[in-house]
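Reading through the structure tokens given below for one structure.
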Amino acid sequence: MNLYTLFSFHPKEDFYFSVIDKQGNIFNKFQLPEYRETTIRNNCIPIKEEFTDQHCLDLNDFLKGYDIYTCYTGGVGDLFSEKAMVALKDELQGEIEFIPCMLKGEPIPVYAALFLKSAPIVKDFEGMGFSFEDIPLPDVKYAVQDENKGLKFVTQAFVKLVKKYDLKIECKLRTHDKA
């Protein structure tokens, strides 16, 4: 099975969101499977954007231009546009749960992706090069997270959905070199 990692198309790496929950209660939920039961207050993730003031970028224009965003701090990881969430949610049910986000206390059309299935996939990684465990993933159709390292992967079936719905999401193929 081919596995891919997700990348956004941001023209500058400085464009990103971060989680601002001071208690840290929601951070672990997105990391390793043993934290999945962590509850999220109001079932909404509070985020802040880190680029409007620095780059004179209009947030609404930015949100219209991309279907996946980066959340570098807070452990949440992948944030999907409302367009992507609407297009993918039914087919990804059981493998990715989309959790709504808020900015400055107001709902925004951005959703955090909680990967529900996990397996021991990655033996080791250096930078963005991976060595994989030699295990089959028979019950995974679209998405899976490494149960030990928290790395998230999608399959060729996910890539086909991205193309089918013309979403602006880049999926980079990861080879299965065994260490």
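Going by the structure tokens order, chains are called A, B, ..., each with residues numbered from 1, while ligands are numbered from 1 in the order shown.
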Could you give me, as a ChimeraX atom specification, each residue of stretch 87-156 of chain A that DSSP assigns to alpha helix (DSSP H) when run on this structure's backbone? /A:87-92,156
Keeping C-alpha atoms for every residue in the selection just given, could you write it to a file as a short mmCIF file (atom, residue, chain, number, x, y, z; two decimals), in the first residue's frame?
data_model
loop_
_atom_site.label_atom_id
_atom_site.label_comp_id
_atom_site.auth_asym_id
_atom_site.auth_seq_id
_atom_site.Cartn_x
_atom_site.Cartn_y
_atom_site.Cartn_z
CA ALA A 87 -16.47 16.90 0.38
CA LEU A 88 -14.63 14.27 2.43
CA LYS A 89 -16.50 13.75 5.71
CA ASP A 90 -18.90 11.01 4.58
CA GLU A 91 -16.28 8.91 2.81
CA LEU A 92 -13.69 9.36 5.57
CA GLN A 156 -3.93 6.38 -2.73
#
Excluding A:Asp139 and any residue of its chain fewer than 3 positions from it, enumerate the residues within 10 Å of it, using only C-alpha atoms, and give them as a ChimeraX atom specification. /A:95,117,136,142,144
Work out how far apart atom CA of A:Asp67 and atom CA of A:Asp124 are and give it in Å to one decimal.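 Computed distance, atom CA of A:Asp67 to atom CA of A:Asp124, equals 29.2 Å.
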May I have the residues within 12 Å of A:Val162 as a PyMOL selection string, using only C-alpha atoms and disregarding those fewer than 2 positions away in the same chain? chain A and resi 6+67-68+80+83-85+87-88+91-92+142+154-160+164-171
Kindly give the distance, in Å, that separates atom CA of A:Glu97 and atom CA of A:Ile40, rounded to a single decimal.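 Atom CA of A:Ile40 lies at a distance of 12.9 Å from atom CA of A:Glu97.
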A:Lys163, A:Pro46, A:Gln145, A:Pro120 ranked by distance to A:Gly74, top pick (using only C-alpha atoms):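 Checking each of A:Lys163, A:Pro46, A:Gln145, A:Pro120 against A:Gly74, counting only C-alpha atoms, the winner is A:Pro46.
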Which residue gives the smallest distance to A:Lys141 among A:Val19, A:Val76, A:Ile99, A:Leu3, with only C-alpha atoms counted?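 Closest to A:Lys141, using only C-alpha atoms: A:Leu3.
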Looking at only C-alpha atoms, which of A:Asp146, A:Glu106, A:Asp21, A:Glu50 is the one that sits closest to A:Phe125?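 Closest candidate: A:Asp146.
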Just want the 6 Å neighbourhood of A:Phe98, counted on only C-alpha atoms, with same-chain residues fewer than 6 positions away dropped. Output as a PyMOL selection string. chain A and resi 111-113
For each of A:Phe115, A:Phe132, A:Tyr16, A:Tyr66, take the minimum atom-to-atom distance to A:Phe30, counting only C-alpha atoms, then give the residue where this is smallest. A:Phe115
For each of A:Leu32, A:Leu103, A:Cys44, A:Leu59, take the minimum atom-to-atom distance to A:Ala119, counting only C-alpha atoms, then give the residue where this is smallest.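 Checking each of A:Leu32, A:Leu103, A:Cys44, A:Leu59 against A:Ala119, counting only C-alpha atoms, the winner is A:Leu32.
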Which of stretch 7-108 of chain A counts as strand (DSSP E) under DSSP, as a PyMOL selection string please? chain A and resi 7+17-19+45-49+68-73+77-81+96-103+106-108
I'd like the contact shell of A:Arg36 - 12 Å cut-off, only C-alpha atoms, skipping same-chain residues fewer than 2 positions apart - returned as a PyMOL selection string. chain A and resi 25-34+38-40+97+114-118+147+150
Saved selection, atoms kept: C-alpha atoms, as a compact mmCIF listing (two decimals), in the first residue's frame:
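Dumped to again05.txt:
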# COMPACT_ATOMS: atom_id res chain seq x y z
CA ASN A 25 -6.09 19.66 27.36
CA ILE A 26 -6.67 19.20 23.64
CA PHE A 27 -3.08 18.85 22.49
CA ASN A 28 -2.58 15.17 23.27
CA LYS A 29 -5.85 14.08 21.63
CA PHE A 30 -4.24 14.47 18.21
CA GLN A 31 -0.92 12.85 19.07
CA LEU A 32 -1.01 9.21 20.13
CA PRO A 33 -3.97 6.79 20.29
CA GLU A 34 -3.95 6.50 24.10
CA THR A 38 -9.41 13.49 25.93
CA THR A 39 -12.49 15.70 25.69
CA ILE A 40 -12.51 19.00 23.83
CA GLU A 97 -13.18 12.96 12.44
CA LEU A 114 -8.46 13.67 14.12
CA PHE A 115 -7.09 10.46 12.59
CA LEU A 116 -8.99 7.58 14.22
CA LYS A 117 -7.06 4.50 13.01
CA SER A 118 -3.52 3.76 14.07
CA GLU A 147 0.63 4.67 16.95
CA GLY A 150 2.04 10.26 15.84
So that I can see what lies close to A:Phe62, please list as a ChimeraX atom specification the residues with an atom at most 12 Å from it, counting only C-alpha atoms and leaving out residues fewer than 2 positions away in the same chain. /A:9-12,15-17,49,51-52,55-60,64-69,81,109-110
Selected residues written out, N, CA and C atoms, as a PDB file, in the first residue's frame:
ATOM      1  N   PHE A   9      -0.268  24.229   0.420  1.00  0.00           N
ATOM      2  CA  PHE A   9       0.345  24.964  -0.681  1.00  0.00           C
ATOM      3  C   PHE A   9       0.723  26.390  -0.303  1.00  0.00           C
ATOM      4  N   HIS A  10       0.921  26.667   0.959  1.00  0.00           N
ATOM      5  CA  HIS A  10       1.199  28.043   1.358  1.00  0.00           C
ATOM      6  C   HIS A  10       2.454  28.565   0.674  1.00  0.00           C
ATOM      7  N   PRO A  11       2.389  29.789   0.144  1.00  0.00           N
ATOM      8  CA  PRO A  11       3.570  30.352  -0.508  1.00  0.00           C
ATOM      9  C   PRO A  11       4.689  30.700   0.472  1.00  0.00           C
ATOM     10  N   LYS A  12       4.350  30.885   1.737  1.00  0.00           N
ATOM     11  CA  LYS A  12       5.362  31.159   2.754  1.00  0.00           C
ATOM     12  C   LYS A  12       5.111  30.260   3.955  1.00  0.00           C
ATOM     13  N   PHE A  15       2.980  31.356   7.175  1.00  0.00           N
ATOM     14  CA  PHE A  15       1.527  31.367   7.273  1.00  0.00           C
ATOM     15  C   PHE A  15       1.093  30.128   8.042  1.00  0.00           C
ATOM     16  N   TYR A  16       0.629  30.309   9.244  1.00  0.00           N
ATOM     17  CA  TYR A  16       0.182  29.138   9.986  1.00  0.00           C
ATOM     18  C   TYR A  16      -0.769  29.524  11.110  1.00  0.00           C
ATOM     19  N   PHE A  17      -1.417  28.504  11.640  1.00  0.00           N
ATOM     20  CA  PHE A  17      -2.290  28.636  12.794  1.00  0.00           C
ATOM     21  C   PHE A  17      -1.634  27.944  13.981  1.00  0.00           C
ATOM     22  N   GLU A  49      -4.354  32.768  14.413  1.00  0.00           N
ATOM     23  CA  GLU A  49      -3.535  32.790  13.204  1.00  0.00           C
ATOM     24  C   GLU A  49      -2.331  33.664  13.466  1.00  0.00           C
ATOM     25  N   PHE A  51      -0.273  35.197  11.009  1.00  0.00           N
ATOM     26  CA  PHE A  51       0.305  35.841   9.831  1.00  0.00           C
ATOM     27  C   PHE A  51      -0.358  37.134   9.401  1.00  0.00           C
ATOM     28  N   THR A  52      -1.570  37.439   9.836  1.00  0.00           N
ATOM     29  CA  THR A  52      -2.265  38.622   9.339  1.00  0.00           C
ATOM     30  C   THR A  52      -1.460  39.901   9.599  1.00  0.00           C
ATOM     31  N   HIS A  55       2.203  39.801   7.775  1.00  0.00           N
ATOM     32  CA  HIS A  55       2.313  39.773   6.317  1.00  0.00           C
ATOM     33  C   HIS A  55       1.208  40.551   5.605  1.00  0.00           C
ATOM     34  N   CYS A  56       0.420  41.293   6.355  1.00  0.00           N
ATOM     35  CA  CYS A  56      -0.688  42.067   5.770  1.00  0.00           C
ATOM     36  C   CYS A  56      -1.547  41.187   4.861  1.00  0.00           C
ATOM     37  N   LEU A  57      -1.839  40.009   5.341  1.00  0.00           N
ATOM     38  CA  LEU A  57      -2.624  39.046   4.578  1.00  0.00           C
ATOM     39  C   LEU A  57      -4.047  39.045   5.111  1.00  0.00           C
ATOM     40  N   ASP A  58      -5.024  39.088   4.216  1.00  0.00           N
ATOM     41  CA  ASP A  58      -6.418  39.048   4.638  1.00  0.00           C
ATOM     42  C   ASP A  58      -6.814  37.606   4.927  1.00  0.00           C
ATOM     43  N   LEU A  59      -7.247  37.344   6.147  1.00  0.00           N
ATOM     44  CA  LEU A  59      -7.567  35.985   6.562  1.00  0.00           C
ATOM     45  C   LEU A  59      -8.671  35.377   5.711  1.00  0.00           C
ATOM     46  N   ASN A  60      -9.708  36.137   5.392  1.00  0.00           N
ATOM     47  CA  ASN A  60     -10.804  35.588   4.585  1.00  0.00           C
ATOM     48  C   ASN A  60     -10.322  35.170   3.200  1.00  0.00           C
ATOM     49  N   LYS A  64     -10.154  31.234   1.658  1.00  0.00           N
ATOM     50  CA  LYS A  64     -10.776  30.856   0.383  1.00  0.00           C
ATOM     51  C   LYS A  64      -9.783  30.171  -0.547  1.00  0.00           C
ATOM     52  N   GLY A  65      -8.499  30.374  -0.318  1.00  0.00           N
ATOM     53  CA  GLY A  65      -7.497  29.925  -1.274  1.00  0.00           C
ATOM     54  C   GLY A  65      -6.897  28.556  -1.055  1.00  0.00           C
ATOM     55  N   TYR A  66      -7.150  27.932   0.085  1.00  0.00           N
ATOM     56  CA  TYR A  66      -6.495  26.672   0.403  1.00  0.00           C
ATOM     57  C   TYR A  66      -7.493  25.699   1.028  1.00  0.00           C
ATOM     58  N   ASP A  67      -7.186  24.409   0.921  1.00  0.00           N
ATOM     59  CA  ASP A  67      -8.054  23.394   1.506  1.00  0.00           C
ATOM     60  C   ASP A  67      -7.397  22.632   2.646  1.00  0.00           C
ATOM     61  N   ILE A  68      -6.131  22.882   2.886  1.00  0.00           N
ATOM     62  CA  ILE A  68      -5.464  22.335   4.065  1.00  0.00           C
ATOM     63  C   ILE A  68      -4.526  23.412   4.597  1.00  0.00           C
ATOM     64  N   TYR A  69      -4.459  23.505   5.908  1.00  0.00           N
ATOM     65  CA  TYR A  69      -3.646  24.520   6.573  1.00  0.00           C
ATOM     66  C   TYR A  69      -2.739  23.820   7.562  1.00  0.00           C
ATOM     67  N   SER A  81     -10.146  22.914   5.185  1.00  0.00           N
ATOM     68  CA  SER A  81     -11.139  23.937   4.869  1.00  0.00           C
ATOM     69  C   SER A  81     -12.536  23.328   4.988  1.00  0.00           C
ATOM     70  N   PRO A 109     -14.512  28.651   9.104  1.00  0.00           N
ATOM     71  CA  PRO A 109     -14.668  27.478   8.257  1.00  0.00           C
ATOM     72  C   PRO A 109     -13.392  26.639   8.151  1.00  0.00           C
ATOM     73  N   VAL A 110     -12.885  26.213   9.301  1.00  0.00           N
ATOM     74  CA  VAL A 110     -11.676  25.399   9.392  1.00  0.00           C
ATOM     75  C   VAL A 110     -11.951  24.268  10.372  1.00  0.00           C
TER      76      VAL A 110
END
Given the choices A:Ile121, A:Gly105, A:Phe7, A:Ile135, which gets closest to A:Thr70 if the distance is worked out from only C-alpha atoms?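 Among the listed residues, the smallest separation from A:Thr70 belongs to A:Phe7.
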